[in-house]
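A short worksheet on the structure shown next.
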There are 2 protein chains.
Amino acid sequence: MRPDLDTTLTQKNIRPTAMRLLVLDYLLNQTAAVSLNNLETYFMRSDRITLYRTLKTFEEKGLVHSIDDGSGSVKYALCPDDCSTEEHHDLHVHFFCNQCRETFCLPKSHIPEIALPENFKTEEVNLMVKGICSKCTR
Amino acid sequence: MRPDLDTTLTQKNIRPTAMRLLVLDYLLNQTAAVSLNNLETYFMRSDRITLYRTLKTFEEKGLVHSIDDGSGSVKYALCPDDCSTEEHHDLHVHFFCNQCRETFCLPKSHIPEIALPENFKTEEVNLMVKGICSKCTR
DNA sequence: GGATAACCTGCAACTGCATTGCATATTACC
DNA sequence: GGTAATATGCAATGCAGTTGCAGGTTATCC
């Protein structure tokens with residue numbers, strides 16, 4: 001069904017410790033991006049700092065990317081497979097639901113060129129759409 | 001040259017106190033969006049909290065809008081004239097320079113429709129472009 | 001023009017999230 | 001199995017944003 005967790009980590013040069021496997025498993029089961037607080041709530045028996053560093057490690061190694069959705073806490077979501085360590089300028093769109101306050105990575109919809117003033121160079125584009133998600137619409 | 005500061009404030013239902021006139025004057029002279037820290041540094045003799053509340057008041061009354069550029073501190077910039085109190089969903093693009101770490105409001109370039117999954121409703125769109133600004137390019 | 005009410009300012013203190021130092025435990029490797 | 005590298009957990013800190021309250025200032029009404 002899902003790729004071997006252990007392999008997923010080692011392929012990204014991340015030591016597959018118990019904690020990390022648990023976190024990865026959790027991430028794989030989420031439809032929305034998760035915050036440190038989400039993790040903390042879920043893994044009550046574990047330490048906040050460890051979870052924090054786990055996410056940081058995952059991010060460094062290109063397994064997850066961080067999303068600043070303006071909610072005050074950074075969210076993390078698994079990267080698509082083509083994400084490398086060096087480059088993961090997220091060109092995909094993120095959606096923040098104003099009601100349930102969850103954040104979703106939207107399937108890569110191409111962001112068109114933005115017309116910039118003279119001599120401005122684009123390195124990265126973050127597109128954050130806010131509104132009501134499908135769950136909350138009903 | 002520039003519209004009367006006093007009038008600008010009263011038109012927005014903001015009491016023109018000395019502090020607010022100073023802050024407004026400062027804002028009018030900026031090309032980049034300003035953070036609370038910027039203000040604090042500039043108005044050394046004044047209180048951080050008052051500056052904070054001045055910005056908040058300006059924002060509430062629709063004189064400035066806040067920009068979360070991902071730098072960790074919120075920036076503020078004067079709204080275009082057509083900004084009303086109730087609605088200022090900034091549909092214009094913001095640019096963050098990765099070098100000088102300044103944030104600019106870009107002239108209203110139209111953001112195209114974003115294709116959302118079924119039953120997702122857009123209420124607001126934030127487009128943050130990051131790169132190198134014209135000053136830093138040279 | 002003076003009294004009162006509304007509002008603004010400044011100090012102190014608090015919150016929440018992110019982050020770092022250090023000692024201990026765990027894992028990888030020879 | 002022993003040693004070095006890495007991960008974990010606890011404590012503590014930093015920083016931006018925020019709130020309560022007392023005192024000062026401004027507007028308003030008579």
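Lettering and numbering for the structure tokens are positional, with chains as A, B, ... in the shown order, residues counted from 1 in each chain, and ligands counted from 1 in the shown order.
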Can you superpose chain A onto chain B by least squares over all C-alpha atoms paired in order and give the moved copy as a short mmCIF file (atom, residue, chain, number, x, y, z; two decimals) with N, CA and C atoms, in the first residue's frame?
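Here's the written file selection-v1.cif:
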data_model
loop_
_atom_site.label_atom_id
_atom_site.label_comp_id
_atom_site.auth_asym_id
_atom_site.auth_seq_id
_atom_site.Cartn_x
_atom_site.Cartn_y
_atom_site.Cartn_z
N MET A 1 1.62 69.36 -2.22
CA MET A 1 2.37 68.15 -2.58
C MET A 1 1.62 66.91 -2.08
N ARG A 2 1.60 66.74 -0.76
CA ARG A 2 0.88 65.59 -0.24
C ARG A 2 -0.37 66.05 0.50
N PRO A 3 -1.37 65.22 0.52
CA PRO A 3 -2.61 65.63 1.18
C PRO A 3 -2.34 65.94 2.65
N ASP A 4 -3.13 66.79 3.17
CA ASP A 4 -2.99 67.20 4.56
C ASP A 4 -3.08 65.99 5.49
N LEU A 5 -2.09 65.83 6.33
CA LEU A 5 -2.02 64.65 7.19
C LEU A 5 -3.23 64.58 8.11
N ASP A 6 -3.52 65.71 8.69
CA ASP A 6 -4.64 65.81 9.62
C ASP A 6 -5.92 65.31 8.97
N THR A 7 -6.17 65.82 7.77
CA THR A 7 -7.39 65.45 7.04
C THR A 7 -7.42 63.96 6.73
N THR A 8 -6.27 63.45 6.32
CA THR A 8 -6.20 62.02 6.01
C THR A 8 -6.69 61.19 7.17
N LEU A 9 -6.26 61.56 8.37
CA LEU A 9 -6.66 60.80 9.55
C LEU A 9 -8.14 60.97 9.87
N THR A 10 -8.57 62.22 9.92
CA THR A 10 -9.97 62.45 10.30
C THR A 10 -10.94 61.82 9.30
N GLN A 11 -10.55 61.81 8.05
CA GLN A 11 -11.40 61.18 7.04
C GLN A 11 -11.58 59.69 7.32
N LYS A 12 -10.63 59.11 7.99
CA LYS A 12 -10.71 57.69 8.31
C LYS A 12 -11.20 57.47 9.74
N ASN A 13 -11.69 58.55 10.34
CA ASN A 13 -12.17 58.45 11.72
C ASN A 13 -11.08 58.11 12.72
N ILE A 14 -9.92 58.69 12.50
CA ILE A 14 -8.81 58.49 13.42
C ILE A 14 -8.44 59.84 14.01
N ARG A 15 -8.44 59.89 15.32
CA ARG A 15 -8.08 61.15 15.97
C ARG A 15 -6.64 61.52 15.63
N PRO A 16 -6.45 62.71 15.13
CA PRO A 16 -5.11 63.11 14.71
C PRO A 16 -4.24 63.56 15.88
N THR A 17 -3.72 62.63 16.63
CA THR A 17 -2.82 62.98 17.72
C THR A 17 -1.42 63.19 17.16
N ALA A 18 -0.58 63.78 17.98
CA ALA A 18 0.79 64.09 17.55
C ALA A 18 1.50 62.83 17.06
N MET A 19 1.41 61.81 17.88
CA MET A 19 2.06 60.55 17.56
C MET A 19 1.60 60.01 16.20
N ARG A 20 0.30 60.00 16.02
CA ARG A 20 -0.26 59.43 14.79
C ARG A 20 0.14 60.22 13.56
N LEU A 21 0.20 61.54 13.73
CA LEU A 21 0.62 62.36 12.60
C LEU A 21 2.06 62.04 12.23
N LEU A 22 2.88 61.86 13.25
CA LEU A 22 4.28 61.53 13.00
C LEU A 22 4.41 60.19 12.28
N VAL A 23 3.65 59.23 12.78
CA VAL A 23 3.72 57.89 12.18
C VAL A 23 3.23 57.94 10.73
N LEU A 24 2.11 58.64 10.52
CA LEU A 24 1.59 58.73 9.16
C LEU A 24 2.60 59.39 8.23
N ASP A 25 3.20 60.47 8.72
CA ASP A 25 4.20 61.17 7.92
C ASP A 25 5.35 60.24 7.56
N TYR A 26 5.75 59.46 8.55
CA TYR A 26 6.83 58.50 8.31
C TYR A 26 6.43 57.48 7.24
N LEU A 27 5.22 56.96 7.40
CA LEU A 27 4.73 55.96 6.45
C LEU A 27 4.70 56.51 5.03
N LEU A 28 4.26 57.76 4.91
CA LEU A 28 4.16 58.36 3.58
C LEU A 28 5.52 58.49 2.90
N ASN A 29 6.56 58.53 3.71
CA ASN A 29 7.89 58.70 3.14
C ASN A 29 8.62 57.39 2.85
N GLN A 30 7.96 56.28 3.11
CA GLN A 30 8.62 55.00 2.90
C GLN A 30 8.26 54.42 1.54
N THR A 31 9.23 53.77 0.94
CA THR A 31 8.93 53.05 -0.29
C THR A 31 8.64 51.59 0.04
N ALA A 32 9.20 51.13 1.16
CA ALA A 32 8.98 49.73 1.56
C ALA A 32 8.00 49.68 2.72
N ALA A 33 7.42 48.52 2.94
CA ALA A 33 6.54 48.33 4.08
C ALA A 33 7.36 48.37 5.37
N VAL A 34 6.76 48.84 6.44
CA VAL A 34 7.51 49.00 7.68
C VAL A 34 7.01 48.04 8.76
N SER A 35 7.95 47.60 9.56
CA SER A 35 7.62 46.74 10.68
C SER A 35 7.55 47.59 11.94
N LEU A 36 7.03 46.99 12.99
CA LEU A 36 7.00 47.69 14.27
C LEU A 36 8.40 48.06 14.70
N ASN A 37 9.33 47.19 14.44
CA ASN A 37 10.72 47.47 14.79
C ASN A 37 11.28 48.67 14.05
N ASN A 38 10.92 48.80 12.79
CA ASN A 38 11.36 49.98 12.03
C ASN A 38 10.92 51.24 12.74
N LEU A 39 9.63 51.25 13.09
CA LEU A 39 9.07 52.42 13.76
C LEU A 39 9.80 52.68 15.08
N GLU A 40 10.00 51.59 15.80
CA GLU A 40 10.63 51.70 17.11
C GLU A 40 12.03 52.30 16.98
N THR A 41 12.74 51.87 15.96
CA THR A 41 14.09 52.38 15.75
C THR A 41 14.05 53.86 15.39
N TYR A 42 13.10 54.20 14.52
CA TYR A 42 13.01 55.58 14.06
C TYR A 42 12.56 56.53 15.17
N PHE A 43 11.51 56.12 15.88
CA PHE A 43 10.98 56.96 16.96
C PHE A 43 11.54 56.48 18.29
N MET A 44 12.80 56.62 18.45
CA MET A 44 13.45 56.08 19.64
C MET A 44 12.87 56.62 20.93
N ARG A 45 12.45 57.85 20.87
CA ARG A 45 12.00 58.49 22.10
C ARG A 45 10.59 58.04 22.48
N SER A 46 9.98 57.24 21.64
CA SER A 46 8.60 56.88 21.92
C SER A 46 8.45 55.43 22.37
N ASP A 47 7.25 55.10 22.77
CA ASP A 47 7.01 53.80 23.35
C ASP A 47 6.57 52.78 22.30
N ARG A 48 7.17 51.61 22.41
CA ARG A 48 6.87 50.52 21.50
C ARG A 48 5.39 50.21 21.42
N ILE A 49 4.74 50.17 22.59
CA ILE A 49 3.34 49.79 22.65
C ILE A 49 2.46 50.80 21.94
N THR A 50 2.78 52.05 22.12
CA THR A 50 2.00 53.09 21.48
C THR A 50 2.11 52.97 19.96
N LEU A 51 3.32 52.72 19.51
CA LEU A 51 3.51 52.55 18.08
C LEU A 51 2.73 51.34 17.60
N TYR A 52 2.80 50.28 18.38
CA TYR A 52 2.05 49.06 18.05
C TYR A 52 0.56 49.39 17.91
N ARG A 53 0.04 50.11 18.89
CA ARG A 53 -1.40 50.39 18.85
C ARG A 53 -1.75 51.39 17.75
N THR A 54 -0.83 52.26 17.45
CA THR A 54 -1.05 53.19 16.35
C THR A 54 -1.23 52.41 15.05
N LEU A 55 -0.35 51.47 14.83
CA LEU A 55 -0.45 50.66 13.61
C LEU A 55 -1.75 49.87 13.60
N LYS A 56 -2.12 49.31 14.75
CA LYS A 56 -3.35 48.54 14.85
C LYS A 56 -4.56 49.41 14.53
N THR A 57 -4.56 50.60 15.07
CA THR A 57 -5.65 51.53 14.81
C THR A 57 -5.72 51.87 13.33
N PHE A 58 -4.57 52.19 12.76
CA PHE A 58 -4.50 52.50 11.33
C PHE A 58 -5.05 51.33 10.51
N GLU A 59 -4.71 50.14 10.94
CA GLU A 59 -5.15 48.96 10.20
C GLU A 59 -6.67 48.79 10.31
N GLU A 60 -7.18 48.89 11.52
CA GLU A 60 -8.62 48.76 11.76
C GLU A 60 -9.41 49.74 10.92
N LYS A 61 -8.91 50.95 10.84
CA LYS A 61 -9.63 52.00 10.15
C LYS A 61 -9.38 51.98 8.65
N GLY A 62 -8.58 51.06 8.21
CA GLY A 62 -8.38 50.91 6.77
C GLY A 62 -7.39 51.89 6.16
N LEU A 63 -6.48 52.39 7.00
CA LEU A 63 -5.48 53.32 6.47
C LEU A 63 -4.25 52.57 6.00
N VAL A 64 -3.91 51.52 6.72
CA VAL A 64 -2.80 50.68 6.29
C VAL A 64 -3.29 49.24 6.23
N HIS A 65 -2.53 48.39 5.58
CA HIS A 65 -2.82 46.96 5.63
C HIS A 65 -1.57 46.24 6.10
N SER A 66 -1.79 45.10 6.71
CA SER A 66 -0.64 44.38 7.24
C SER A 66 -0.23 43.30 6.25
N ILE A 67 1.04 43.02 6.25
CA ILE A 67 1.61 42.04 5.33
C ILE A 67 2.45 41.06 6.12
N ASP A 68 2.12 39.81 6.01
CA ASP A 68 2.96 38.79 6.64
C ASP A 68 3.88 38.25 5.57
N ASP A 69 5.11 38.72 5.56
CA ASP A 69 6.02 38.35 4.48
C ASP A 69 6.87 37.13 4.83
N GLY A 70 6.58 36.55 5.97
CA GLY A 70 7.31 35.36 6.36
C GLY A 70 8.63 35.66 7.03
N SER A 71 8.91 36.93 7.24
CA SER A 71 10.18 37.31 7.85
C SER A 71 10.12 37.20 9.36
N GLY A 72 8.95 36.93 9.89
CA GLY A 72 8.83 36.81 11.33
C GLY A 72 8.17 38.01 11.97
N SER A 73 8.27 39.16 11.32
CA SER A 73 7.54 40.30 11.88
C SER A 73 6.62 40.88 10.82
N VAL A 74 5.46 41.27 11.26
CA VAL A 74 4.44 41.79 10.36
C VAL A 74 4.84 43.17 9.87
N LYS A 75 4.61 43.41 8.60
CA LYS A 75 4.92 44.72 8.04
C LYS A 75 3.61 45.45 7.72
N TYR A 76 3.69 46.76 7.68
CA TYR A 76 2.52 47.56 7.36
C TYR A 76 2.82 48.50 6.22
N ALA A 77 1.82 48.73 5.40
CA ALA A 77 1.99 49.69 4.32
C ALA A 77 0.67 50.43 4.10
N LEU A 78 0.78 51.66 3.65
CA LEU A 78 -0.41 52.45 3.40
C LEU A 78 -1.27 51.79 2.34
N CYS A 79 -2.57 51.84 2.54
CA CYS A 79 -3.48 51.26 1.58
C CYS A 79 -3.67 52.21 0.40
N PRO A 80 -3.96 51.64 -0.74
CA PRO A 80 -4.38 52.50 -1.84
C PRO A 80 -5.70 53.18 -1.45
N ASP A 81 -6.02 54.25 -2.13
CA ASP A 81 -7.16 55.07 -1.72
C ASP A 81 -8.47 54.32 -1.69
N ASP A 82 -8.58 53.29 -2.54
CA ASP A 82 -9.86 52.63 -2.65
C ASP A 82 -10.09 51.57 -1.56
N CYS A 83 -9.20 51.55 -0.58
CA CYS A 83 -9.35 50.59 0.51
C CYS A 83 -10.42 51.09 1.48
N SER A 84 -11.36 50.26 1.80
CA SER A 84 -12.35 50.66 2.79
C SER A 84 -12.09 49.90 4.08
N THR A 85 -12.77 50.29 5.12
CA THR A 85 -12.54 49.66 6.41
C THR A 85 -12.93 48.20 6.40
N GLU A 86 -14.07 47.93 5.79
CA GLU A 86 -14.63 46.59 5.85
C GLU A 86 -13.86 45.59 4.99
N GLU A 87 -13.50 46.05 3.83
CA GLU A 87 -12.93 45.15 2.86
C GLU A 87 -11.58 45.64 2.40
N HIS A 88 -10.55 45.01 2.89
CA HIS A 88 -9.36 45.24 2.10
C HIS A 88 -8.57 43.96 1.93
N HIS A 89 -9.20 43.09 1.27
CA HIS A 89 -8.51 41.91 0.80
C HIS A 89 -7.49 42.34 -0.22
N ASP A 90 -6.27 42.28 0.20
CA ASP A 90 -5.21 42.76 -0.67
C ASP A 90 -5.05 41.82 -1.82
N LEU A 91 -5.49 42.26 -2.93
CA LEU A 91 -5.27 41.42 -4.09
C LEU A 91 -4.01 41.81 -4.82
N HIS A 92 -3.33 42.78 -4.28
CA HIS A 92 -2.08 43.09 -4.96
C HIS A 92 -0.94 42.22 -4.42
N VAL A 93 0.12 42.19 -5.17
CA VAL A 93 1.23 41.29 -4.89
C VAL A 93 2.24 41.97 -3.98
N HIS A 94 2.82 41.20 -3.08
CA HIS A 94 3.89 41.73 -2.26
C HIS A 94 5.21 41.06 -2.62
N PHE A 95 6.24 41.87 -2.57
CA PHE A 95 7.57 41.36 -2.92
C PHE A 95 8.50 41.48 -1.73
N PHE A 96 9.17 40.40 -1.41
CA PHE A 96 10.14 40.40 -0.32
C PHE A 96 11.53 40.20 -0.88
N CYS A 97 12.42 41.12 -0.58
CA CYS A 97 13.79 40.99 -1.09
C CYS A 97 14.60 40.13 -0.13
N ASN A 98 15.11 39.04 -0.66
CA ASN A 98 15.87 38.11 0.17
C ASN A 98 17.19 38.71 0.65
N GLN A 99 17.62 39.78 0.00
CA GLN A 99 18.89 40.37 0.40
C GLN A 99 18.70 41.48 1.43
N CYS A 100 17.98 42.54 1.08
CA CYS A 100 17.82 43.64 2.04
C CYS A 100 16.66 43.39 2.99
N ARG A 101 15.92 42.32 2.75
CA ARG A 101 14.82 41.92 3.61
C ARG A 101 13.74 43.00 3.72
N GLU A 102 13.60 43.78 2.67
CA GLU A 102 12.52 44.76 2.67
C GLU A 102 11.34 44.20 1.88
N THR A 103 10.17 44.73 2.21
CA THR A 103 8.96 44.25 1.57
C THR A 103 8.29 45.40 0.83
N PHE A 104 7.89 45.14 -0.41
CA PHE A 104 7.26 46.17 -1.22
C PHE A 104 5.88 45.72 -1.67
N CYS A 105 4.98 46.66 -1.75
CA CYS A 105 3.69 46.39 -2.38
C CYS A 105 3.87 46.62 -3.86
N LEU A 106 3.55 45.65 -4.64
CA LEU A 106 3.69 45.85 -6.07
C LEU A 106 2.39 46.43 -6.63
N PRO A 107 2.53 47.23 -7.65
CA PRO A 107 1.34 47.80 -8.27
C PRO A 107 0.38 46.70 -8.66
N LYS A 108 -0.85 46.97 -8.46
CA LYS A 108 -1.89 45.97 -8.63
C LYS A 108 -1.79 45.21 -9.94
N SER A 109 -1.10 44.11 -9.89
CA SER A 109 -1.11 43.26 -11.07
C SER A 109 -2.19 42.22 -10.83
N HIS A 110 -3.01 42.05 -11.78
CA HIS A 110 -4.17 41.18 -11.57
C HIS A 110 -3.74 39.73 -11.37
N ILE A 111 -4.21 39.16 -10.28
CA ILE A 111 -3.93 37.75 -10.05
C ILE A 111 -5.03 36.94 -10.73
N PRO A 112 -4.63 36.06 -11.60
CA PRO A 112 -5.64 35.29 -12.33
C PRO A 112 -6.35 34.31 -11.39
N GLU A 113 -7.48 33.85 -11.83
CA GLU A 113 -8.24 32.85 -11.07
C GLU A 113 -7.38 31.63 -10.77
N ILE A 114 -7.47 31.17 -9.56
CA ILE A 114 -6.76 29.95 -9.20
C ILE A 114 -7.75 28.80 -9.28
N ALA A 115 -7.36 27.76 -9.95
CA ALA A 115 -8.25 26.60 -10.04
C ALA A 115 -8.22 25.84 -8.73
N LEU A 116 -9.35 25.80 -8.06
CA LEU A 116 -9.43 25.10 -6.77
C LEU A 116 -10.18 23.78 -6.95
N PRO A 117 -9.93 22.85 -6.04
CA PRO A 117 -10.71 21.61 -6.08
C PRO A 117 -12.19 21.92 -5.85
N GLU A 118 -12.99 20.98 -6.17
CA GLU A 118 -14.45 21.12 -6.02
C GLU A 118 -14.83 21.58 -4.61
N ASN A 119 -15.76 22.49 -4.54
CA ASN A 119 -16.32 22.96 -3.27
C ASN A 119 -15.39 23.78 -2.40
N PHE A 120 -14.29 24.20 -2.96
CA PHE A 120 -13.44 25.14 -2.24
C PHE A 120 -13.82 26.55 -2.67
N LYS A 121 -14.01 27.43 -1.67
CA LYS A 121 -14.39 28.80 -2.01
C LYS A 121 -13.28 29.78 -1.63
N THR A 122 -12.93 30.62 -2.56
CA THR A 122 -11.89 31.62 -2.31
C THR A 122 -12.49 32.85 -1.64
N GLU A 123 -11.83 33.31 -0.60
CA GLU A 123 -12.24 34.57 0.00
C GLU A 123 -11.13 35.61 -0.10
N GLU A 124 -9.92 35.12 -0.22
CA GLU A 124 -8.77 36.01 -0.14
C GLU A 124 -7.59 35.34 -0.82
N VAL A 125 -6.75 36.12 -1.43
CA VAL A 125 -5.56 35.56 -2.06
C VAL A 125 -4.34 36.38 -1.67
N ASN A 126 -3.33 35.71 -1.15
CA ASN A 126 -2.09 36.40 -0.83
C ASN A 126 -0.99 35.87 -1.71
N LEU A 127 -0.42 36.76 -2.48
CA LEU A 127 0.66 36.35 -3.35
C LEU A 127 1.94 37.04 -2.94
N MET A 128 2.89 36.24 -2.50
CA MET A 128 4.15 36.74 -1.99
C MET A 128 5.25 36.29 -2.94
N VAL A 129 5.89 37.24 -3.57
CA VAL A 129 7.01 36.91 -4.44
C VAL A 129 8.29 37.24 -3.69
N LYS A 130 9.24 36.33 -3.70
CA LYS A 130 10.52 36.59 -3.03
C LYS A 130 11.63 36.56 -4.06
N GLY A 131 12.60 37.40 -3.86
CA GLY A 131 13.72 37.45 -4.79
C GLY A 131 14.64 38.60 -4.45
N ILE A 132 15.16 39.24 -5.47
CA ILE A 132 16.09 40.35 -5.28
C ILE A 132 15.48 41.61 -5.87
N CYS A 133 15.43 42.66 -5.09
CA CYS A 133 14.81 43.89 -5.56
C CYS A 133 15.79 44.70 -6.42
N SER A 134 15.28 45.76 -7.00
CA SER A 134 16.09 46.52 -7.96
C SER A 134 17.31 47.16 -7.29
N LYS A 135 17.13 47.60 -6.06
CA LYS A 135 18.25 48.23 -5.35
C LYS A 135 19.40 47.25 -5.16
N CYS A 136 19.03 46.00 -4.86
CA CYS A 136 20.05 45.00 -4.54
C CYS A 136 20.61 44.31 -5.77
N THR A 137 19.97 44.50 -6.90
CA THR A 137 20.41 43.83 -8.12
C THR A 137 21.73 44.40 -8.62
N ARG A 138 21.90 45.68 -8.46
CA ARG A 138 23.09 46.35 -8.99
C ARG A 138 24.37 45.95 -8.26
#
Determine which residues of chain D sit within 12 Å of chain B, taking into account only C-alpha atoms (C1' of nucleotides), and present them as a list in words.
->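 Putting it all together, I get DC15, DA16, DG17, DT18, DT19, DT25, DT26 and DA27 of chain D.
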Take the residues from that selection and put them in a file with N, CA, C and O atoms (P, O5', C5', C4', C3', O3' and C1' of nucleotides), as a compact mmCIF listing (two decimals), in the first residue's frame.
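Heads up, here's the output in out-v4.txt:
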# COMPACT_ATOMS: atom_id res chain seq x y z
P DC D 15 16.43 38.43 21.03
O5' DC D 15 15.03 38.43 20.27
C5' DC D 15 14.74 37.42 19.31
C4' DC D 15 13.27 37.46 18.98
C3' DC D 15 12.69 38.89 18.96
O3' DC D 15 11.94 39.04 17.77
C1' DC D 15 11.35 37.48 20.28
P DA D 16 11.73 40.53 17.17
O5' DA D 16 10.20 40.50 16.75
C5' DA D 16 9.70 39.39 16.02
C4' DA D 16 8.25 39.19 16.37
C3' DA D 16 7.43 40.48 16.35
O3' DA D 16 6.35 40.32 15.43
C1' DA D 16 7.09 39.29 18.39
P DG D 17 5.28 41.49 15.27
O5' DG D 17 4.17 41.05 16.33
C5' DG D 17 3.65 39.73 16.25
C4' DG D 17 2.68 39.50 17.38
C3' DG D 17 1.59 40.56 17.51
O3' DG D 17 0.34 39.90 17.52
C1' DG D 17 2.64 40.19 19.61
P DT D 18 -1.04 40.70 17.54
O5' DT D 18 -1.34 40.85 19.09
C5' DT D 18 -1.41 39.67 19.88
C4' DT D 18 -1.59 40.02 21.32
C3' DT D 18 -2.64 41.10 21.60
O3' DT D 18 -3.78 40.46 22.14
C1' DT D 18 -0.73 41.28 23.01
P DT D 19 -5.07 41.25 22.57
O5' DT D 19 -4.86 41.56 24.12
C5' DT D 19 -4.69 40.48 25.02
C4' DT D 19 -4.54 41.03 26.44
C3' DT D 19 -5.60 42.08 26.83
O3' DT D 19 -6.14 41.70 28.09
C1' DT D 19 -3.43 42.87 27.27
P DT D 25 -0.51 65.52 29.39
O5' DT D 25 -1.56 65.39 28.21
C5' DT D 25 -1.37 64.39 27.19
C4' DT D 25 -2.63 64.28 26.38
C3' DT D 25 -3.19 65.61 25.87
O3' DT D 25 -3.26 65.54 24.46
C1' DT D 25 -4.89 64.23 26.76
P DT D 26 -3.57 66.88 23.63
O5' DT D 26 -5.05 66.60 23.11
C5' DT D 26 -5.32 65.41 22.38
C4' DT D 26 -6.82 65.18 22.34
C3' DT D 26 -7.61 66.36 21.77
O3' DT D 26 -8.29 65.91 20.61
C1' DT D 26 -8.61 65.49 23.75
P DA D 27 -9.14 66.90 19.74
O5' DA D 27 -10.60 66.58 20.28
C5' DA D 27 -11.20 65.35 19.94
C4' DA D 27 -12.55 65.23 20.60
C3' DA D 27 -13.59 66.26 20.14
O3' DA D 27 -14.79 65.56 19.88
C1' DA D 27 -13.42 66.29 22.51
Got a sec to pull out which chain C residues are within 9 Å of chain B, counting only C-alpha atoms (C1' of nucleotides), and send them as a list in words?
->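 Matching residues, ligands excluded from the count: DC7, DC8, DT9 and DG10 of chain C.
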Would you mind exporting N, CA and C atoms (P, O5', C5', C4', C3', O3' and C1' of nucleotides) of the selected residues as a PDB file, in the first residue's frame?
ATOM      1  P    DC C   7     -14.771  56.458  22.737  1.00  0.00           P
ATOM      2  O5'  DC C   7     -13.245  56.885  22.545  1.00  0.00           O
ATOM      3  C5'  DC C   7     -12.926  58.193  22.071  1.00  0.00           C
ATOM      4  C4'  DC C   7     -11.489  58.487  22.415  1.00  0.00           C
ATOM      5  C3'  DC C   7     -10.505  57.380  22.029  1.00  0.00           C
ATOM      6  O3'  DC C   7      -9.598  57.912  21.085  1.00  0.00           O
ATOM      7  C1'  DC C   7     -10.038  58.260  24.179  1.00  0.00           C
ATOM      8  P    DC C   8      -8.515  56.963  20.388  1.00  0.00           P
ATOM      9  O5'  DC C   8      -7.202  57.386  21.169  1.00  0.00           O
ATOM     10  C5'  DC C   8      -6.780  58.751  21.099  1.00  0.00           C
ATOM     11  C4'  DC C   8      -5.535  58.938  21.936  1.00  0.00           C
ATOM     12  C3'  DC C   8      -4.377  58.011  21.599  1.00  0.00           C
ATOM     13  O3'  DC C   8      -3.217  58.824  21.458  1.00  0.00           O
ATOM     14  C1'  DC C   8      -4.865  57.905  23.919  1.00  0.00           C
ATOM     15  P    DT C   9      -1.839  58.212  21.005  1.00  0.00           P
ATOM     16  O5'  DT C   9      -1.159  57.970  22.421  1.00  0.00           O
ATOM     17  C5'  DT C   9      -0.780  59.099  23.203  1.00  0.00           C
ATOM     18  C4'  DT C   9      -0.118  58.646  24.485  1.00  0.00           C
ATOM     19  C3'  DT C   9       1.111  57.745  24.314  1.00  0.00           C
ATOM     20  O3'  DT C   9       2.194  58.391  24.939  1.00  0.00           O
ATOM     21  C1'  DT C   9      -0.379  56.874  25.958  1.00  0.00           C
ATOM     22  P    DG C  10       3.689  57.934  24.685  1.00  0.00           P
ATOM     23  O5'  DG C  10       3.952  57.054  25.984  1.00  0.00           O
ATOM     24  C5'  DG C  10       3.934  57.704  27.247  1.00  0.00           C
ATOM     25  C4'  DG C  10       4.026  56.671  28.355  1.00  0.00           C
ATOM     26  C3'  DG C  10       5.165  55.655  28.216  1.00  0.00           C
ATOM     27  O3'  DG C  10       5.839  55.594  29.454  1.00  0.00           O
ATOM     28  C1'  DG C  10       3.128  54.540  28.606  1.00  0.00           C
TER      29       DG C  10
END
Backbone DSSP call of helix (DSSP H, G or I) for chain B, listed as a PyMOL selection string | chain B and resi 5-11+18-28+36-42+48-60+134-137
Can you list, as an MDAnalysis selection string, every residue of range 6-131 of chain B that DSSP puts in strand (DSSP E or B)?
-> chainID B and resid 34:35 64:67 75:78 94:97 103:105 121:131
All residues 10 Å or closer to DA23 in chain C, only C-alpha atoms (C1' of nucleotides), same chain fewer than 2 positions away omitted, as a VMD selection string | (chain C and resid 21 25) or (chain D and resid 9 to 10)
Go ahead and write the residues just picked, N, CA, C and O atoms (P, O5', C5', C4', C3', O3' and C1' of nucleotides), as a tab-separated table (two decimals), in the first residue's frame.
chain	number	residue	atom	x	y	z
C	21	DG	P	23.62	27.13	21.27
C	21	DG	O5'	23.54	26.48	22.73
C	21	DG	C5'	22.99	27.23	23.81
C	21	DG	C4'	23.39	26.60	25.13
C	21	DG	C3'	24.60	25.67	25.09
C	21	DG	O3'	25.23	25.72	26.36
C	21	DG	C1'	22.63	24.40	25.51
C	25	DA	P	20.76	8.04	30.96
C	25	DA	O5'	20.29	7.72	29.48
C	25	DA	C5'	18.92	7.99	29.13
C	25	DA	C4'	18.76	7.76	27.64
C	25	DA	C3'	18.96	6.32	27.19
C	25	DA	O3'	17.89	5.99	26.31
C	25	DA	C1'	20.31	7.77	25.90
D	9	DG	P	12.29	11.59	23.72
D	9	DG	O5'	12.69	12.49	24.96
D	9	DG	C5'	13.36	11.90	26.06
D	9	DG	C4'	13.78	12.96	27.05
D	9	DG	C3'	12.68	13.96	27.43
D	9	DG	O3'	12.63	14.03	28.84
D	9	DG	C1'	14.64	15.10	26.78
D	10	DC	P	11.45	14.68	29.62
D	10	DC	O5'	12.16	15.93	30.32
D	10	DC	C5'	13.25	15.70	31.22
D	10	DC	C4'	14.03	16.98	31.40
D	10	DC	C3'	13.17	18.20	31.78
D	10	DC	O3'	13.57	18.67	33.05
D	10	DC	C1'	14.79	18.75	30.12
Which residue of D:DT28, D:DG1, D:DG20, D:DT13 approaches DA6 in chain C most closely, using only C-alpha atoms (C1' of nucleotides) |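 Smallest distance to DA6 in chain C is found for D:DT28.
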